[in-house]
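> Handing you a structure now.
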Amino acid sequence: LVPFTLKQSGCSTADALSKYGLFEAVVLPVLFFPSMVVSCLSSILVPEISKHRAGGKTVQNLDLISSVISTAVTYSLFTVSILVMYGKQIGMLAVHDEYAGKMVMMLAPVVPFIYLEIVLEGIIKGLGKHSFSSLNYLAEYVIRISALLVFTPLTGFYGMAISYYLSNI
(Lines give C-alpha, C1' and ligand atoms only; values in the text may rest on other atoms or scores of the structure.)
Protein backbone atom coordinates (compact mmCIF):
# COMPACT_ATOMS: atom_id res chain seq x y z
CA LEU A 1 0.00 0.00 0.00
CA VAL A 2 2.79 2.46 0.88
CA PRO A 3 4.75 2.09 -2.39
CA PHE A 4 1.47 2.30 -4.33
CA THR A 5 0.44 5.56 -2.63
CA LEU A 6 3.97 6.95 -3.02
CA LYS A 7 3.72 6.25 -6.76
CA GLN A 8 0.45 8.17 -6.79
CA SER A 9 2.33 11.15 -5.37
CA GLY A 10 4.56 11.20 -8.44
CA CYS A 11 7.47 9.00 -7.37
CA SER A 12 8.88 6.47 -9.77
CA THR A 13 8.53 2.81 -8.86
CA ALA A 14 12.20 2.62 -7.87
CA ASP A 15 11.99 5.79 -5.76
CA ALA A 16 8.77 4.64 -4.06
CA LEU A 17 10.26 1.25 -3.18
CA SER A 18 13.48 2.90 -2.04
CA LYS A 19 11.68 5.31 0.30
CA TYR A 20 9.48 2.53 1.64
CA GLY A 21 12.50 0.29 2.23
CA LEU A 22 14.36 3.09 3.96
CA PHE A 23 11.34 3.72 6.18
CA GLU A 24 10.82 0.06 7.11
CA ALA A 25 14.47 -1.00 7.37
CA VAL A 26 16.04 2.08 8.97
CA VAL A 27 13.59 4.64 10.33
CA LEU A 28 11.17 2.34 12.18
CA PRO A 29 13.93 0.21 13.76
CA VAL A 30 15.69 3.37 14.96
CA LEU A 31 12.46 4.70 16.48
CA PHE A 32 11.50 1.37 18.05
CA PHE A 33 14.90 0.06 19.20
CA PRO A 34 14.91 2.10 22.43
CA SER A 35 11.37 0.92 23.11
CA MET A 36 12.72 -2.47 24.16
CA VAL A 37 13.19 -1.05 27.66
CA VAL A 38 9.57 0.13 27.71
CA SER A 39 8.34 -3.18 26.24
CA CYS A 40 10.04 -5.11 29.04
CA LEU A 41 8.51 -2.76 31.58
CA SER A 42 5.10 -3.26 29.99
CA SER A 43 5.46 -7.04 30.16
CA ILE A 44 6.29 -6.86 33.85
CA LEU A 45 3.26 -4.64 34.48
CA VAL A 46 0.67 -7.20 33.39
CA PRO A 47 1.16 -9.69 36.25
CA GLU A 48 1.88 -6.96 38.82
CA ILE A 49 -1.30 -5.02 38.08
CA SER A 50 -3.31 -8.25 37.89
CA LYS A 51 -1.95 -9.33 41.29
CA HIS A 52 -2.85 -5.98 42.89
CA ARG A 53 -6.26 -5.97 41.22
CA ALA A 54 -7.04 -9.49 42.42
CA GLY A 55 -5.99 -8.53 45.95
CA GLY A 56 -8.16 -5.39 45.89
CA LYS A 57 -5.16 -3.09 46.23
CA THR A 58 -6.41 -0.25 44.01
CA VAL A 59 -4.23 2.42 45.64
CA GLN A 60 -1.05 0.41 45.03
CA ASN A 61 -2.13 -0.06 41.40
CA LEU A 62 -2.65 3.68 40.99
CA ASP A 63 0.78 4.43 42.47
CA LEU A 64 2.43 1.82 40.26
CA ILE A 65 0.62 3.05 37.12
CA SER A 66 1.46 6.68 37.87
CA SER A 67 5.12 5.85 38.44
CA VAL A 68 5.41 3.77 35.28
CA ILE A 69 3.72 6.38 33.10
CA SER A 70 5.98 9.17 34.37
CA THR A 71 9.06 6.98 33.86
CA ALA A 72 7.97 6.09 30.32
CA VAL A 73 7.33 9.74 29.43
CA THR A 74 10.72 10.80 30.83
CA TYR A 75 12.50 8.00 28.96
CA SER A 76 10.67 8.81 25.72
CA LEU A 77 11.53 12.51 25.96
CA PHE A 78 15.18 11.59 26.50
CA THR A 79 14.98 9.33 23.42
CA VAL A 80 13.36 12.11 21.36
CA SER A 81 16.11 14.53 22.30
CA ILE A 82 18.78 12.05 21.17
CA LEU A 83 16.94 11.34 17.90
CA VAL A 84 16.41 15.02 17.13
CA MET A 85 19.98 16.04 17.97
CA TYR A 86 21.71 13.12 16.24
CA GLY A 87 19.14 12.00 13.64
CA LYS A 88 21.26 12.95 10.64
CA GLN A 89 24.29 11.18 12.06
CA ILE A 90 22.19 8.09 12.81
CA GLY A 91 20.98 8.06 9.21
CA MET A 92 24.51 8.43 7.89
CA LEU A 93 25.77 5.72 10.23
CA ALA A 94 22.98 3.29 9.35
CA VAL A 95 22.83 3.65 5.56
CA HIS A 96 25.07 6.53 4.52
CA ASP A 97 21.95 8.48 3.60
CA GLU A 98 21.07 11.89 5.00
CA TYR A 99 17.42 11.42 3.95
CA ALA A 100 17.05 8.55 6.44
CA GLY A 101 18.31 10.85 9.19
CA LYS A 102 15.85 13.55 8.19
CA MET A 103 13.02 11.00 8.39
CA VAL A 104 14.18 9.93 11.86
CA MET A 105 14.25 13.55 12.99
CA MET A 106 10.82 14.21 11.47
CA LEU A 107 9.22 11.24 13.20
CA ALA A 108 11.06 11.57 16.53
CA PRO A 109 8.29 13.66 18.17
CA VAL A 110 5.86 10.73 17.83
CA VAL A 111 8.09 8.54 20.04
CA PRO A 112 6.46 9.55 23.36
CA PHE A 113 3.09 8.47 22.01
CA ILE A 114 4.47 5.16 20.75
CA TYR A 115 6.22 4.39 24.03
CA LEU A 116 3.24 5.50 26.10
CA GLU A 117 1.03 3.24 24.02
CA ILE A 118 3.30 0.29 24.80
CA VAL A 119 3.08 0.95 28.54
CA LEU A 120 -0.65 1.59 28.44
CA GLU A 121 -1.12 -1.70 26.62
CA GLY A 122 0.45 -3.52 29.57
CA ILE A 123 -1.72 -1.57 32.01
CA ILE A 124 -4.88 -2.34 30.03
CA LYS A 125 -4.05 -6.04 29.88
CA GLY A 126 -3.22 -6.07 33.59
CA LEU A 127 -6.63 -4.55 34.31
CA GLY A 128 -8.26 -7.33 32.29
CA LYS A 129 -9.54 -5.06 29.51
CA HIS A 130 -8.35 -7.15 26.56
CA SER A 131 -11.35 -6.27 24.41
CA PHE A 132 -10.54 -2.56 24.73
CA SER A 133 -6.98 -3.35 23.66
CA SER A 134 -8.24 -5.06 20.51
CA LEU A 135 -10.58 -2.16 19.77
CA ASN A 136 -7.67 0.25 20.22
CA TYR A 137 -5.54 -1.67 17.69
CA LEU A 138 -8.43 -1.73 15.22
CA ALA A 139 -8.94 2.03 15.54
CA GLU A 140 -5.22 2.67 15.18
CA TYR A 141 -4.94 0.73 11.94
CA VAL A 142 -8.13 2.20 10.46
CA ILE A 143 -6.72 5.68 11.12
CA ARG A 144 -3.25 4.75 9.80
CA ILE A 145 -4.54 3.20 6.57
CA SER A 146 -7.07 5.98 5.96
CA ALA A 147 -4.47 8.70 6.50
CA LEU A 148 -2.02 6.83 4.30
CA LEU A 149 -4.56 6.59 1.47
CA VAL A 150 -5.51 10.27 1.75
CA PHE A 151 -2.26 12.07 2.56
CA THR A 152 0.51 10.07 0.87
CA PRO A 153 -0.72 10.60 -2.71
CA LEU A 154 -0.93 14.34 -1.95
CA THR A 155 2.29 14.87 0.00
CA GLY A 156 4.56 11.87 -0.69
CA PHE A 157 6.60 10.70 2.29
CA TYR A 158 5.02 13.35 4.51
CA GLY A 159 1.76 11.41 4.18
CA MET A 160 3.44 8.40 5.76
CA ALA A 161 4.62 10.62 8.60
CA ILE A 162 1.13 12.10 9.01
CA SER A 163 -0.38 8.62 9.18
CA TYR A 164 2.07 7.66 11.95
CA TYR A 165 1.36 10.82 13.90
CA LEU A 166 -2.43 10.51 13.61
CA SER A 167 -2.61 6.81 14.43
CA ASN A 168 -0.33 7.07 17.45
CA ILE A 169 -1.79 10.24 18.89
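In the C-alpha coordinates, chains take letters A, B, ... by order of appearance, with residues numbered from 1 within each chain and ligands from 1 in the order shown.
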So that I can see what lies close to Ser35 in chain A, please list as number ranges by chain the residues with an atom at most 10 Å from it, counting only C-alpha atoms and leaving out residues fewer than 2 positions away in the same chain.

A: 29-33, 37-41, 72, 75-76, 79, 111-112, 114-116, 118-119

> Do you know which residues are at most 9 Å from range 85-99 of chain A counting only C-alpha atoms, after dropping those on the same chain fewer than 6 positions away, and could you put them as an NGL selection string?

:A and (22 or 26-27 or 30 or 105-106 or 108)

> Restricting the calculation to only C-alpha atoms, which member of A:Ala100, A:Leu45, A:Leu83, A:Val68 is positioned closest to Ser18 in chain A?

A:Ala100

> Just checking: using only C-alpha atoms, which residue out of A:Val150, A:Ile65, A:Ile143, A:Ala25 ends up closest to Glu121 in chain A?

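Nearest candidate to Glu121 in chain A out of A:Val150, A:Ile65, A:Ile143, A:Ala25: A:Ile65.
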
> Distance CA of Leu135 in chain A-CA of Ile123 in chain A, one decimal place?

15.1 Å

> In Å to one decimal, how far is CA of Leu1 in chain A from CA of Thr152 in chain A?

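Value for the CA of Thr152 in chain A-CA of Leu1 in chain A distance: 10.1 Å.
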
> What does the structure give for the distance between CA of Tyr165 in chain A and CA of Val110 in chain A, in Å to one decimal?

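Taking CA of Tyr165 in chain A as the start and CA of Val110 in chain A as the end point, the length is 6.0 Å.
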
> With only C-alpha atoms as the basis for distance, which of A:Ser43, A:Leu127, A:Phe151, A:Lys19 is at the shortest distance from Leu62 in chain A?

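That would be A:Leu127, the residue with the smallest distance to Leu62 in chain A.
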
> Hey, what's within 10 Å of range 156-164 of chain A if we count only C-alpha atoms and toss same-chain stuff fewer than 4 positions away? As a ChimeraX atom specification, please?

/A:2-3,5-11,16,19-20,23,103,106-107,110,114,140-141,143-152,168-169
